[in-house]
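Undergrad: What follows is a structure written as structure tokens; I'll ask about it next.
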Amino acid sequence: MPDALLSLQALNAHYGDFQALYGVNLKVEPGEVVAVIGANGAGKTTMLRSIAGLLRNAPEAIRWKGQAIGALRADQVAALGIALVPEGRLLFPSLSVEENLIIGGQLGRKGPWSLPRVYELFPILKERRHQQSTSLSGGQQQMVAIGRALMANPELVLMDEISLGLAPVIIRQIYEALPGIVGEGLTAMIVEQDIAKALSVSQRVYCLQEGRVSLEGQSQSVPREEITRAYFGV
Amino acid sequence: MDWLNAILQGTLLGGLYALFAAGLSLIFGVMRLVNIAHGDLIVLSAYVALSFGVSLGLNPLVALLLVVPSMALIGYALQRLILNRTMGEDLLPPLLVTFGLSVILQNVLLMGYSADPQNLQAGTIETASVNLGPVAVGVMPVLVFITAVVVIAALQWMFYRTALGRAFRATSDRQDVAQLMGLNRAHVFGLAMALSLAVTALAGVFLGIRTAFDPAAGGARLIFGFEAVIIGGLGNLWGTLAGGVILGVAQTLGAKIDPGYQILAGHIVFLIILALRPRGLFPRIDG
């Protein structure tokens with residue numbers, strides 16, 4: 001059997017004495033959109049930070065096309081073609097909108113994404129390109145954060161709570177842009193609190209509960225009551 | 001006329017202080033590191049120039065071609081091998097390490113070069129002067145001032161117009177997110193320290209041509225640089241030049257009143273500005 005694009009094998013993660021993930025197993029195949037749902041504190045963000053290299057792990061716990069990458073630094077993971085849209089957007093305040101995008105692509109990986117492509121996807125960013133990134137609205141900042149990750153021309157993009165704190169109309173706008181983003185060989189892993197949104201855009205879904213995988217299934221066919229049980233642990 | 005002359009000399013001296021300060025400001029801006037050893041690194045640069053002068057028979061101004069890259073290499077190595085190990089949320093450990101580095105540098109210089117004051121002989125340019133209307137100014141101070149303006153302008157351009165500057169600003173904003181963009185923080189910090197010590201090399205050589213120096217001369221230079229940065233406003237490079245000029249003018253005017261007041265006058269002006277404008281005269285507007 002060929003190696004998955006990304007696989008987690010018995011991934012544990014700690015913050016000091018606190019263990020946030022317990023033996024998480026997960027696979028992402030090329031071209032699919034995988035949703036990860038779970039309540040606050042279930043370990044979703046910790047999992048993405050581990051994959052992105054912001055938390056260091058045992059090398060074997062995270063594999064990229066078969067290669068053990070768990071102990072790599074974040075910049076080394078980025079060079080492999082994994083990009084993270086972090087929770088809370090975390091733009092660079094002293095950089096303009098355009099500079100935020102350019103720095104996303106500073107590794108120079110080849111691929112379909114470029115400044116014009118990102119501006120085509122989010123035309124408002126072109127108008128605002130010389131503004132400081134922090135002067136934008138929350139939704140526009142989220143567009144910059146997504147654009148910045150795409151500029152890296154990643155093979156896998158990890159999106160952490162991209163709808164958090166945004167108005168419903170903006171969330172709809174961003175999710176409508178999603179099909180234009182995935183496709184073209186881009187694989188995505190989406191962490192989302194909004195279960196319906198997560199299921200509607202993904203093929204497969206994992207649910208985390210208190211640091212463990214409590215459910216794994218096809219997004220379209222998992223019964224709702226199973227999700228509720230996995231989500232709340234009741 | 002004497003007063004005008006004093007102001008002019010002080011302004012030109014401010015160029016040297018701005019060079020002391022620019023490297024300090026750069027390091028603090030990029031990685032929030034307060035480099036207590038900065039003054040000693042300035043003095044080290046002067047000694048490096050002295051050694052190149054003795055061994056290769058180079059004029060110190062020509063030796064700059066070797067001193068600048070040497071100090072840049074030392075800076076990169078220092079950051080990667082020592083300082084990066086101490087960098088984290090807490091600002092104190094790196095500060096203490098640079099304090100220790102300052103003590104070590106002074107003692108190593110003392111062992112290598114003795115406590116005798118030295119100076120760098122740049123030849124006739126040291127005494128050459130030009131007449132500007134009613135006052136005569138030295139060619140060297142003018143050269144130092146012009147260098148300071150060029151260095152500040154170049155740093156400003158680098159910061160806001162180049163990929164390296166973008167990397168510096170991004171890393172300064174959010175180190176972990178910058179790492180996600182593929183920027184290796186350890187390398188970016190190394191480059192910032194290399195650049196800082198390259199500027200320090202200029203400052204050290206100009207210091208050595210202007211006055212005698214000894215292994216203990218670093219402390220006062222650190223203070224002057226620090227005062228120029230604070231007067232100008234942290235994170236504002238042109239402000240740093242203005243801070244250097246204000247400090248220089250305060251010192252020469254103080255000396256005009258009484259030669260013993262030179263250093264004191266600078267400190268007093270610094271204290272007044274710190275009391276009235278704690279963020280400096282030209283603080284950066286943060287977004």
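In the structure tokens, chains take letters A, B, ... by order of appearance, with residues numbered from 1 within each chain and ligands from 1 in the order shown.
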Should the cut-off be 6 Å, what would the residue list for chain B against chain A look like, counting only C-alpha atoms, as a PyMOL selection string?

TA: chain B and resi 170+173+179-184

Undergrad: Can you list, as a PyMOL selection string, all residues belonging to region 10-216 of chain A that DSSP tags as helix (DSSP H, G or I)?

TA: chain A and resi 44-52+59-61+74-80+97-104+115-121+123-127+133-135+138-151+168-181+195-201

Undergrad: Just how far from CA of Gly100 (chain B) is CA of Ile82 (chain B), in Å to one decimal?

TA: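 One can read the CA of Ile82 (chain B) to CA of Gly100 (chain B) distance as 11.6 Å.
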
Undergrad: Can you pull out every residue within 12 Å of Glu127 (chain A), counting only C-alpha atoms, but drop anything in the same chain fewer than 3 positions away, and send it as a count of residues only?

TA: 11

Undergrad: Report the residues of region 4-169 of chain A whose backbone DSSP state falls under strand (DSSP E or B), written as JSON, numbers by chain.

TA: {"A": [6, 7, 8, 9, 10, 11, 12, 13, 14, 15, 18, 19, 20, 21, 22, 23, 24, 25, 26, 27, 28, 33, 34, 35, 36, 37, 38, 62, 63, 64, 67, 68, 82, 83, 84, 85, 96, 132, 156, 157, 158, 159, 160]}

Undergrad: Write to file, as a tab-separated table (two decimals), in the first residue's frame, the residues of the selection just made, with N, CA and C atoms.

TA:
chain	number	residue	atom	x	y	z
A	6	LEU	N	-0.04	12.32	4.49
A	6	LEU	CA	0.32	12.61	5.88
A	6	LEU	C	-0.26	11.53	6.76
A	7	SER	N	0.51	11.04	7.69
A	7	SER	CA	-0.08	10.12	8.65
A	7	SER	C	0.46	10.40	10.04
A	8	LEU	N	-0.45	10.35	10.99
A	8	LEU	CA	-0.08	10.49	12.40
A	8	LEU	C	-0.18	9.11	13.01
A	9	GLN	N	0.87	8.69	13.72
A	9	GLN	CA	0.88	7.37	14.35
A	9	GLN	C	1.17	7.53	15.82
A	10	ALA	N	0.18	7.28	16.63
A	10	ALA	CA	0.32	7.36	18.09
A	10	ALA	C	0.95	8.68	18.51
A	11	LEU	N	0.39	9.78	17.98
A	11	LEU	CA	0.94	11.11	18.29
A	11	LEU	C	0.52	11.54	19.69
A	12	ASN	N	1.53	11.82	20.52
A	12	ASN	CA	1.27	12.39	21.84
A	12	ASN	C	1.79	13.83	21.81
A	13	ALA	N	1.15	14.72	22.53
A	13	ALA	CA	1.68	16.08	22.62
A	13	ALA	C	1.50	16.59	24.03
A	14	HIS	N	2.47	17.35	24.47
A	14	HIS	CA	2.45	17.87	25.84
A	14	HIS	C	2.69	19.36	25.84
A	15	TYR	N	2.04	20.04	26.77
A	15	TYR	CA	2.44	21.40	27.15
A	15	TYR	C	2.95	21.30	28.57
A	18	PHE	N	1.16	18.98	31.12
A	18	PHE	CA	-0.18	18.68	30.63
A	18	PHE	C	-0.10	17.95	29.29
A	19	GLN	N	-0.74	16.79	29.24
A	19	GLN	CA	-0.76	16.04	27.97
A	19	GLN	C	-2.01	16.42	27.20
A	20	ALA	N	-1.83	16.92	25.97
A	20	ALA	CA	-2.96	17.41	25.19
A	20	ALA	C	-3.44	16.38	24.16
A	21	LEU	N	-2.56	15.51	23.71
A	21	LEU	CA	-2.95	14.49	22.72
A	21	LEU	C	-2.47	13.12	23.22
A	22	TYR	N	-3.34	12.12	23.05
A	22	TYR	CA	-3.02	10.77	23.49
A	22	TYR	C	-3.11	9.81	22.31
A	23	GLY	N	-1.99	9.41	21.77
A	23	GLY	CA	-1.95	8.37	20.76
A	23	GLY	C	-2.88	8.60	19.57
A	24	VAL	N	-2.82	9.77	18.99
A	24	VAL	CA	-3.71	10.09	17.87
A	24	VAL	C	-3.21	9.41	16.58
A	25	ASN	N	-4.10	8.69	15.93
A	25	ASN	CA	-3.81	8.10	14.62
A	25	ASN	C	-4.71	8.77	13.59
A	26	LEU	N	-4.12	9.13	12.46
A	26	LEU	CA	-4.90	9.85	11.45
A	26	LEU	C	-4.16	9.77	10.12
A	27	LYS	N	-4.93	9.76	9.04
A	27	LYS	CA	-4.32	9.70	7.71
A	27	LYS	C	-4.95	10.75	6.81
A	28	VAL	N	-4.15	11.34	5.95
A	28	VAL	CA	-4.69	12.24	4.94
A	28	VAL	C	-4.15	11.76	3.60
A	33	VAL	N	-10.16	16.51	1.27
A	33	VAL	CA	-10.35	17.50	2.32
A	33	VAL	C	-10.80	16.74	3.56
A	34	VAL	N	-10.01	16.84	4.61
A	34	VAL	CA	-10.31	16.15	5.85
A	34	VAL	C	-10.71	17.19	6.88
A	35	ALA	N	-11.85	16.96	7.53
A	35	ALA	CA	-12.29	17.88	8.57
A	35	ALA	C	-11.97	17.28	9.93
A	36	VAL	N	-11.56	18.14	10.84
A	36	VAL	CA	-11.34	17.70	12.21
A	36	VAL	C	-12.24	18.54	13.09
A	37	ILE	N	-13.15	17.85	13.78
A	37	ILE	CA	-14.06	18.59	14.65
A	37	ILE	C	-13.81	18.17	16.09
A	38	GLY	N	-14.40	18.93	16.99
A	38	GLY	CA	-14.21	18.62	18.40
A	38	GLY	C	-14.48	19.86	19.23
A	62	ILE	N	4.86	11.55	13.20
A	62	ILE	CA	4.28	12.25	12.05
A	62	ILE	C	5.08	11.87	10.81
A	63	ARG	N	4.37	11.36	9.81
A	63	ARG	CA	5.05	10.98	8.57
A	63	ARG	C	4.48	11.76	7.40
A	64	TRP	N	5.36	12.21	6.53
A	64	TRP	CA	4.99	12.94	5.33
A	64	TRP	C	5.49	12.11	4.16
A	67	GLN	N	8.07	9.70	5.16
A	67	GLN	CA	9.26	10.21	5.83
A	67	GLN	C	8.90	10.72	7.23
A	68	ALA	N	9.70	10.34	8.23
A	68	ALA	CA	9.42	10.76	9.61
A	68	ALA	C	9.78	12.24	9.77
A	82	ILE	N	3.99	22.04	3.57
A	82	ILE	CA	2.87	22.05	4.50
A	82	ILE	C	2.70	23.47	5.02
A	83	ALA	N	1.52	24.04	4.84
A	83	ALA	CA	1.29	25.42	5.29
A	83	ALA	C	0.15	25.44	6.31
A	84	LEU	N	0.28	26.32	7.28
A	84	LEU	CA	-0.74	26.43	8.33
A	84	LEU	C	-1.39	27.81	8.27
A	85	VAL	N	-2.72	27.83	8.27
A	85	VAL	CA	-3.45	29.08	8.49
A	85	VAL	C	-3.80	29.06	9.98
A	96	SER	N	2.74	45.26	5.36
A	96	SER	CA	1.53	45.59	4.63
A	96	SER	C	0.84	44.29	4.20
A	132	GLN	N	-1.70	48.60	6.19
A	132	GLN	CA	-1.19	47.71	7.24
A	132	GLN	C	-2.21	46.61	7.46
A	156	LEU	N	-0.14	20.52	1.20
A	156	LEU	CA	-1.15	20.34	2.23
A	156	LEU	C	-1.32	21.65	2.98
A	157	VAL	N	-2.57	22.11	3.07
A	157	VAL	CA	-2.82	23.32	3.86
A	157	VAL	C	-3.66	22.93	5.07
A	158	LEU	N	-3.21	23.40	6.23
A	158	LEU	CA	-3.90	23.15	7.48
A	158	LEU	C	-4.63	24.43	7.87
A	159	MET	N	-5.95	24.36	8.04
A	159	MET	CA	-6.70	25.57	8.36
A	159	MET	C	-7.33	25.44	9.73
A	160	ASP	N	-6.95	26.36	10.61
A	160	ASP	CA	-7.40	26.26	12.00
A	160	ASP	C	-8.48	27.29	12.28

Undergrad: Could you list, as a list in words, every residue within 12 Å of Gly165 (chain B), counting only C-alpha atoms and ignoring same-chain residues fewer than 3 positions away?

TA: Ser94, Leu95, Glu99 and Ile103 of chain A; Leu26, Gly29, Val30, Ala154, Leu155, Gln156, Trp157, Met158, Phe159, Tyr160, Arg161, Thr162, Phe168, Arg169, Ala170, Thr171, Ser172, Val188, Phe189, Leu191, Ala192 and Leu195 of chain B

Undergrad: If you keep C-alpha atoms, can you produce a file of those selected residues as a PDB file, in the first residue's frame?

TA:
ATOM      1  CA  SER A  94       4.422  45.721  10.696  1.00  0.00           C
ATOM      2  CA  LEU A  95       3.992  44.326   7.189  1.00  0.00           C
ATOM      3  CA  GLU A  99       4.145  42.042   2.207  1.00  0.00           C
ATOM      4  CA  ILE A 103       6.525  36.591   2.805  1.00  0.00           C
TER       5      ILE A 103
ATOM      6  CA  LEU B  26      18.823  47.130  15.166  1.00  0.00           C
ATOM      7  CA  GLY B  29      14.264  46.032  17.146  1.00  0.00           C
ATOM      8  CA  VAL B  30      14.621  42.602  15.569  1.00  0.00           C
ATOM      9  CA  ALA B 154      20.886  52.106   4.045  1.00  0.00           C
ATOM     10  CA  LEU B 155      19.473  50.362   7.122  1.00  0.00           C
ATOM     11  CA  GLN B 156      16.163  52.136   6.615  1.00  0.00           C
ATOM     12  CA  TRP B 157      16.076  51.026   2.970  1.00  0.00           C
ATOM     13  CA  MET B 158      17.047  47.477   3.914  1.00  0.00           C
ATOM     14  CA  PHE B 159      14.323  47.314   6.566  1.00  0.00           C
ATOM     15  CA  TYR B 160      11.457  48.559   4.412  1.00  0.00           C
ATOM     16  CA  ARG B 161      12.425  47.665   0.845  1.00  0.00           C
ATOM     17  CA  THR B 162      14.197  44.302   0.848  1.00  0.00           C
ATOM     18  CA  PHE B 168      13.509  40.995  10.120  1.00  0.00           C
ATOM     19  CA  ARG B 169      10.173  42.747  10.613  1.00  0.00           C
ATOM     20  CA  ALA B 170       8.138  39.530  10.399  1.00  0.00           C
ATOM     21  CA  THR B 171      10.410  37.773  12.885  1.00  0.00           C
ATOM     22  CA  SER B 172      10.240  40.791  15.170  1.00  0.00           C
ATOM     23  CA  VAL B 188      17.531  35.486  10.834  1.00  0.00           C
ATOM     24  CA  PHE B 189      18.838  36.464  14.283  1.00  0.00           C
ATOM     25  CA  LEU B 191      22.041  37.867  10.169  1.00  0.00           C
ATOM     26  CA  ALA B 192      20.722  40.695  12.354  1.00  0.00           C
ATOM     27  CA  LEU B 195      24.637  43.433  10.397  1.00  0.00           C
TER      28      LEU B 195
END

Undergrad: For Ala4 (chain A), which residue out of A:Glu32, A:Val182, A:Val191, A:Arg56 is the nearest one, using only C-alpha atoms?

TA: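 Under the stated criterion, the closest residue is A:Glu32.
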